[in-house]
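*Asks:* Take this structure, written in structure tokens, and hold onto it; I'll ask about it next.
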Amino acid sequence: MNNKQWTTSTIFIVVSIFFVALNTRPAVTAIGPLFNVLLDALNVSNTQMSLLTSIPVFCMGLFAPLAVPLQKRLSPKASILFLLIIIAISNGLRFITESYLLLVVTSFAAGFAIGVIGPIINAYIKEKFPSRFTTVVGVYSFGIGTGAMLSAGLTVPIYNAFDKSLTIAIGSWTVLAIAAVVIWQFAIPNEQVEMQNAKATMQGTVRNPWKNGRAWVILLFLGLQTSLFFALMAWLPAMLQDKGFSLILASSVLTFMALVQMAGNIGITLLMEKWPNRIAWALGLGILGVVGFALLWVGTGFMLWIAVFIIGLVLSGLFPIGLLLPLDEATNSEEANSWSSMVLSGGFMMSALLPLVVGYFYDKTANHNITYVIYIILMLGIIGTVLVLKKSKRHAAK
């Protein structure tokens with residue numbers, strides 16, 4: 001595809017990628033704003049509630065490797081269409097009843113679909129936009145941030161507007177998925193799977209990321225970042241309520257963080273087009289993140305808004321960097337698919353643990369002091385992985 005001139009069809013493809021991205025978070029992040037409400041309504045523990053975040057995130061990691069064999073049977077268009085339909089059905093089923101079991105089942109199904117979409121869309125971007133993939137990944141990240149922001153910001157207002165209906169509040173996100181199905185179907189040109197396989201054969205040898213040390217470090221980098229994101233989306237409102245915020249104000253702060261992430265996803269990736277040193281960006285954001293989480297721990301009142309702004313900015317930059325690093329390493333679209341599958345698989349499976357860990361310690365201590373310590377340790381871990389990547393790149397260049 002000619003990336004120097006953005007044709008109408010190219011713009012439609014980018015728009016469709018944005019709509020796909022919109023649907024990769026609401027099935028998970030719509031739970032957080034109503035965490036305490038669902039806790040009481042479903043009569044479950046904090047740890048059980050945390051499963052509603054951990055299960056889909058774990059599935060996002062567990063099933064990401066299926067992207068490679070799926071694309072050998074179906075084209076990218078057919079694959080993502082199929083997965084979007086699963087997301088639409090999963091969200092739609094939540095309209096039926098207030099049931100913890102139903103939420104678990106639909107979280108599992110949505111996590112499966114979201115997990116397989118990630119590597120496929122990354123490889124698709126790498127193939128279709130070889131000279132502008134940083135910008136298009138930025139659009140994709142922007143869509144993810146927008147979806148998170150919408151679900152964080154509108155779930156509670158929808159809940160209040162529909163007579164405090166939990167089913168409508170968390171099931172209404174099926175509308176976004178249906179819109180994505182329609183747009184993807186009409187915007188993406190048809191391509192035969194035989195053509196895809198022929199391209200893969202012409203591309204030559206594909207390096208196995210599971211045997212590559214640098215790929216494992218990238219996996220750890222992404223896993224630590226996404227762990228922080230999903231734990232915050234699940235727990236930030238409850239943490240702020242413990243500091244005296246009301247449900248509506250705590251939800252507003254979560255929306256604010258998602259809004260900052262949404263802007264940062266596209267803004268920072270555009271800046272990376274001009275200053276493309278991923279390592280420098282990641283290191284700077286990592287240091288800033290430590291400051292943000294320390295401020296979230298000790299801060300009160302307006303200082304908490306500043307802390308959340310910093311954290312949102314940090315996470316908004318680290319996530320697209322995590323998506324771009326395996327694409328930077330890949331030499332062709334099939335390698336981009338396999339490297340992205342490996343990194344997203346391990347990264348998301350790591351991410352599934354943190355919300356559960358937070359819930360466990362909160363059940364044990366009835367406060368979030370340990371939570372703040374864990375968050376800061378994870379940010380230090382991110383800095384550590386960046387330093388390892390910097391060192392290994394320098395050695396490779398010699």
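The chains in the structure tokens are called A, B, ... from first to last as shown; in each chain the residues are counted from 1, and the ligands are counted from 1 in the order shown.
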Could you give me, as a list in words, the residues within 6 Å of region 66-74 of chain A, counting only C-alpha atoms and dropping anything in the same chain fewer than 3 positions from it?
*Replies:*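 Neighbouring residues, sequence-local ones excluded: Phe63, Ala78, Ser79, Val116, Ile120 and Val193 of chain A.
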*Asks:* Write a file of the selected residues as a PDB file, in the first residue's frame, keeping C-alpha atoms.
*Replies:*
```pdb
ATOM      1  CA  PHE A  63      -5.142 -17.392  23.221  1.00  0.00           C
ATOM      2  CA  ALA A  78     -12.420 -12.722   7.985  1.00  0.00           C
ATOM      3  CA  SER A  79     -10.436 -13.456  11.154  1.00  0.00           C
ATOM      4  CA  VAL A 116      -6.347 -13.174  19.083  1.00  0.00           C
ATOM      5  CA  ILE A 120      -3.423 -10.161  13.760  1.00  0.00           C
ATOM      6  CA  VAL A 193      -6.245 -16.745   2.327  1.00  0.00           C
TER       7      VAL A 193
END
```
*Asks:* Contacts of region 256-258 of chain A at 9 Å or less, counting only C-alpha atoms, minus same-chain residues fewer than 5 places along, as a list in words?
*Replies:* Gly145, Thr146, Gly147, Ala148, Met149, Leu150, Ala152, Gly153, Met233, Ser251, Ala263, Trp305, Val308, Phe309, Ile310, Ile311, Gly312, Leu313 and Ser316 of chain A
*Asks:* Could you write those residues out with C-alpha atoms, as a CSV table (one decimal), in the first residue's frame?
*Replies:*
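Saved result, selection-v3.csv, follows:
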```
chain,number,residue,atom,x,y,z
A,145,GLY,CA,-7.5,4.4,25.0
A,146,THR,CA,-10.7,5.8,23.7
A,147,GLY,CA,-12.5,2.5,24.4
A,148,ALA,CA,-11.1,2.5,27.9
A,149,MET,CA,-12.1,6.1,28.4
A,150,LEU,CA,-15.6,5.6,27.2
A,152,ALA,CA,-14.7,4.2,32.4
A,153,GLY,CA,-16.5,7.5,31.9
A,233,MET,CA,-8.8,0.1,35.7
A,251,SER,CA,-15.3,7.3,38.4
A,263,ALA,CA,-4.6,11.7,24.1
A,305,TRP,CA,-5.5,14.3,40.2
A,308,VAL,CA,-3.4,10.2,37.9
A,309,PHE,CA,-2.5,12.6,35.1
A,310,ILE,CA,1.2,11.6,35.4
A,311,ILE,CA,0.3,7.9,35.5
A,312,GLY,CA,-2.1,8.2,32.6
A,313,LEU,CA,0.6,9.9,30.5
A,316,SER,CA,-0.2,6.0,27.3
```
*Asks:* Can you pull out every residue within 8 Å of Trp297 (chain A), counting only C-alpha atoms, but drop anything in the same chain fewer than 3 positions away, and send it as a compact mmCIF listing (two decimals) with C-alpha atoms, in the first residue's frame?
*Replies:*
```
# COMPACT_ATOMS: atom_id res chain seq x y z
CA PHE A 293 2.69 6.24 41.79
CA ALA A 294 4.54 7.65 44.82
CA ASN A 369 -0.65 0.22 51.32
CA TYR A 372 1.06 1.13 46.22
```
*Asks:* Looking at A:Trp281, A:Phe221, A:Phe129, A:Trp235, which one is nearest to Val388 (chain A), with distances taken over only C-alpha atoms?
*Replies:*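 Using only C-alpha atoms, the shortest distance to Val388 (chain A) belongs to A:Phe221.
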*Asks:* Between A:Leu52, A:Leu304, A:Leu318, A:Leu387, which has the minimum distance to Gly244 (chain A) (counting only C-alpha atoms)?
*Replies:*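 That would be A:Leu304, the residue with the smallest distance to Gly244 (chain A).
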*Asks:* Do a neighbour search on Leu295 (chain A) at 7 Å with only C-alpha atoms, toss out local chain neighbours closer than 4 positions, and write the hits as a ChimeraX atom specification.
*Replies:* /A:291,299,307
*Asks:* Those same residues - N, CA and C atoms - I'd like them written as a PDB file, in the first residue's frame.
*Replies:*
```
ATOM      1  N   VAL A 291       7.456   8.475  40.029  1.00  0.00           N
ATOM      2  CA  VAL A 291       7.012   9.707  40.690  1.00  0.00           C
ATOM      3  C   VAL A 291       5.483   9.722  40.811  1.00  0.00           C
ATOM      4  N   GLY A 299      -0.473  11.262  48.264  1.00  0.00           N
ATOM      5  CA  GLY A 299      -1.237  12.458  47.965  1.00  0.00           C
ATOM      6  C   GLY A 299      -2.672  12.420  48.454  1.00  0.00           C
ATOM      7  N   ALA A 307      -1.366  13.115  40.271  1.00  0.00           N
ATOM      8  CA  ALA A 307      -0.778  11.773  40.214  1.00  0.00           C
ATOM      9  C   ALA A 307      -1.395  10.952  39.095  1.00  0.00           C
TER      10      ALA A 307
END
```
*Asks:* Counting only C-alpha atoms, what is within 12 Å of region 382-384 of chain A, bar same-chain residues fewer than 3 positions away, as number ranges by chain?
*Replies:* A: 217-228, 279-290, 314-315, 318-319, 321-322, 375-379, 387-391
*Asks:* Generate the output file for the selected residues, C-alpha atoms, as a JSON list (two decimals), in the first residue's frame.
*Replies:*
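Now in again.json:
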```json
[["chain", "number", "residue", "atom", "x", "y", "z"],
["A", 217, "VAL", "CA", 12.65, -8.92, 27.67],
["A", 218, "ILE", "CA", 10.09, -7.15, 25.44],
["A", 219, "LEU", "CA", 7.45, -9.57, 26.76],
["A", 220, "LEU", "CA", 8.36, -8.65, 30.34],
["A", 221, "PHE", "CA", 8.26, -4.92, 29.49],
["A", 222, "LEU", "CA", 4.76, -5.17, 28.02],
["A", 223, "GLY", "CA", 3.57, -7.48, 30.80],
["A", 224, "LEU", "CA", 4.59, -5.08, 33.56],
["A", 225, "GLN", "CA", 2.94, -2.15, 31.77],
["A", 226, "THR", "CA", -0.33, -3.91, 31.06],
["A", 227, "SER", "CA", -0.39, -5.30, 34.61],
["A", 228, "LEU", "CA", -0.42, -1.76, 35.91],
["A", 279, "ILE", "CA", 14.48, 3.24, 24.59],
["A", 280, "ALA", "CA", 14.89, 6.90, 25.55],
["A", 281, "TRP", "CA", 11.14, 7.39, 25.59],
["A", 282, "ALA", "CA", 10.55, 4.27, 27.68],
["A", 283, "LEU", "CA", 13.25, 5.17, 30.20],
["A", 284, "GLY", "CA", 11.96, 8.71, 30.65],
["A", 285, "LEU", "CA", 8.39, 7.54, 31.06],
["A", 286, "GLY", "CA", 9.47, 4.83, 33.50],
["A", 287, "ILE", "CA", 11.16, 7.34, 35.81],
["A", 288, "LEU", "CA", 8.14, 9.64, 35.58],
["A", 289, "GLY", "CA", 5.89, 6.69, 36.46],
["A", 290, "VAL", "CA", 7.70, 6.07, 39.75],
["A", 314, "VAL", "CA", 3.14, 7.29, 31.39],
["A", 315, "LEU", "CA", 0.89, 4.34, 30.54],
["A", 318, "LEU", "CA", 4.54, 2.72, 27.37],
["A", 319, "PHE", "CA", 1.76, 0.69, 25.74],
["A", 321, "ILE", "CA", 6.10, 1.31, 22.72],
["A", 322, "GLY", "CA", 5.35, -2.25, 23.86],
["A", 375, "TYR", "CA", 2.84, -0.55, 41.75],
["A", 376, "ILE", "CA", 6.15, 1.22, 42.43],
["A", 377, "ILE", "CA", 8.09, -2.07, 42.27],
["A", 378, "LEU", "CA", 6.52, -2.81, 38.87],
["A", 379, "MET", "CA", 7.52, 0.64, 37.58],
["A", 387, "LEU", "CA", 18.03, -0.82, 30.59],
["A", 388, "VAL", "CA", 18.45, -4.48, 29.55],
["A", 389, "LEU", "CA", 17.05, -3.72, 26.08],
["A", 390, "LYS", "CA", 19.39, -0.76, 25.77],
["A", 391, "LYS", "CA", 22.39, -2.91, 26.73]]
```
*Asks:* Between A:Ala336, A:Ile80, A:Met262, A:Ile13, single out the one closest to Gly143 (chain A), counting only C-alpha atoms.
*Replies:*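 Of A:Ala336, A:Ile80, A:Met262, A:Ile13, the one nearest Gly143 (chain A) is A:Met262, counting only C-alpha atoms.
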*Asks:* Which polymer residues have any atom within 12 Å of an atom of region 182-188 of chain A, counting only C-alpha atoms, with same-chain residues fewer than 5 positions away left out, as a ChimeraX atom specification?
*Replies:* /A:8-21,75-85,88,121,124,128,175-177
*Asks:* Atoms to include: C-alpha atoms. Write the selected residues as a tab-separated table (two decimals), in the first residue's frame.
*Replies:*
```tsv
chain	number	residue	atom	x	y	z
A	8	THR	CA	-9.78	7.52	0.67
A	9	SER	CA	-9.63	3.72	0.90
A	10	THR	CA	-6.51	3.95	3.07
A	11	ILE	CA	-8.24	6.36	5.45
A	12	PHE	CA	-11.23	4.01	5.68
A	13	ILE	CA	-8.89	1.16	6.61
A	14	VAL	CA	-7.30	3.28	9.37
A	15	VAL	CA	-10.76	4.25	10.64
A	16	SER	CA	-11.79	0.59	10.72
A	17	ILE	CA	-8.62	-0.27	12.69
A	18	PHE	CA	-9.60	2.45	15.16
A	19	PHE	CA	-13.07	0.91	15.60
A	20	VAL	CA	-11.57	-2.53	16.15
A	21	ALA	CA	-9.34	-1.02	18.84
A	75	SER	CA	-7.73	-13.83	5.80
A	76	PRO	CA	-7.11	-10.95	8.26
A	77	LYS	CA	-10.48	-9.50	7.29
A	78	ALA	CA	-12.42	-12.72	7.99
A	79	SER	CA	-10.44	-13.46	11.15
A	80	ILE	CA	-11.09	-10.09	12.78
A	81	LEU	CA	-14.73	-10.06	11.64
A	82	PHE	CA	-15.26	-13.42	13.36
A	83	LEU	CA	-13.58	-12.18	16.55
A	84	LEU	CA	-15.55	-8.91	16.62
A	85	ILE	CA	-18.78	-10.91	16.42
A	88	ALA	CA	-20.50	-8.31	20.33
A	121	ILE	CA	-4.02	-6.41	13.69
A	124	TYR	CA	-1.80	-6.31	9.33
A	128	LYS	CA	-0.15	-2.52	4.96
A	175	VAL	CA	-23.31	-1.36	20.41
A	176	LEU	CA	-19.66	-0.46	19.81
A	177	ALA	CA	-18.87	-4.00	18.71
```
*Asks:* Hey, can you check how far CA of Val156 (chain A) sits from CA of Leu34 (chain A)?
*Replies:*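 Atom-to-atom, CA of Val156 (chain A) and CA of Leu34 (chain A) are spaced 6.8 Å apart.
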*Asks:* Could you give me, as a PyMOL selection string, the residues within 10 Å of Ala330 (chain A), counting only C-alpha atoms and dropping anything in the same chain fewer than 6 positions from it?
*Replies:* chain A and resi 123+126+206-207+209+324+336-340
*Asks:* As a PyMOL selection string, list the residues of region 330-369 of chain A assigned to alpha helix (DSSP H) by DSSP on the backbone atoms of this structure.
*Replies:* chain A and resi 333-351+353-365+369
*Asks:* Could you check which of A:Leu62, A:Ala30, A:Ile87, A:Leu42 is closest to Leu101 (chain A), using only C-alpha atoms?
*Replies:*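 That would be A:Leu42, the residue with the smallest distance to Leu101 (chain A).
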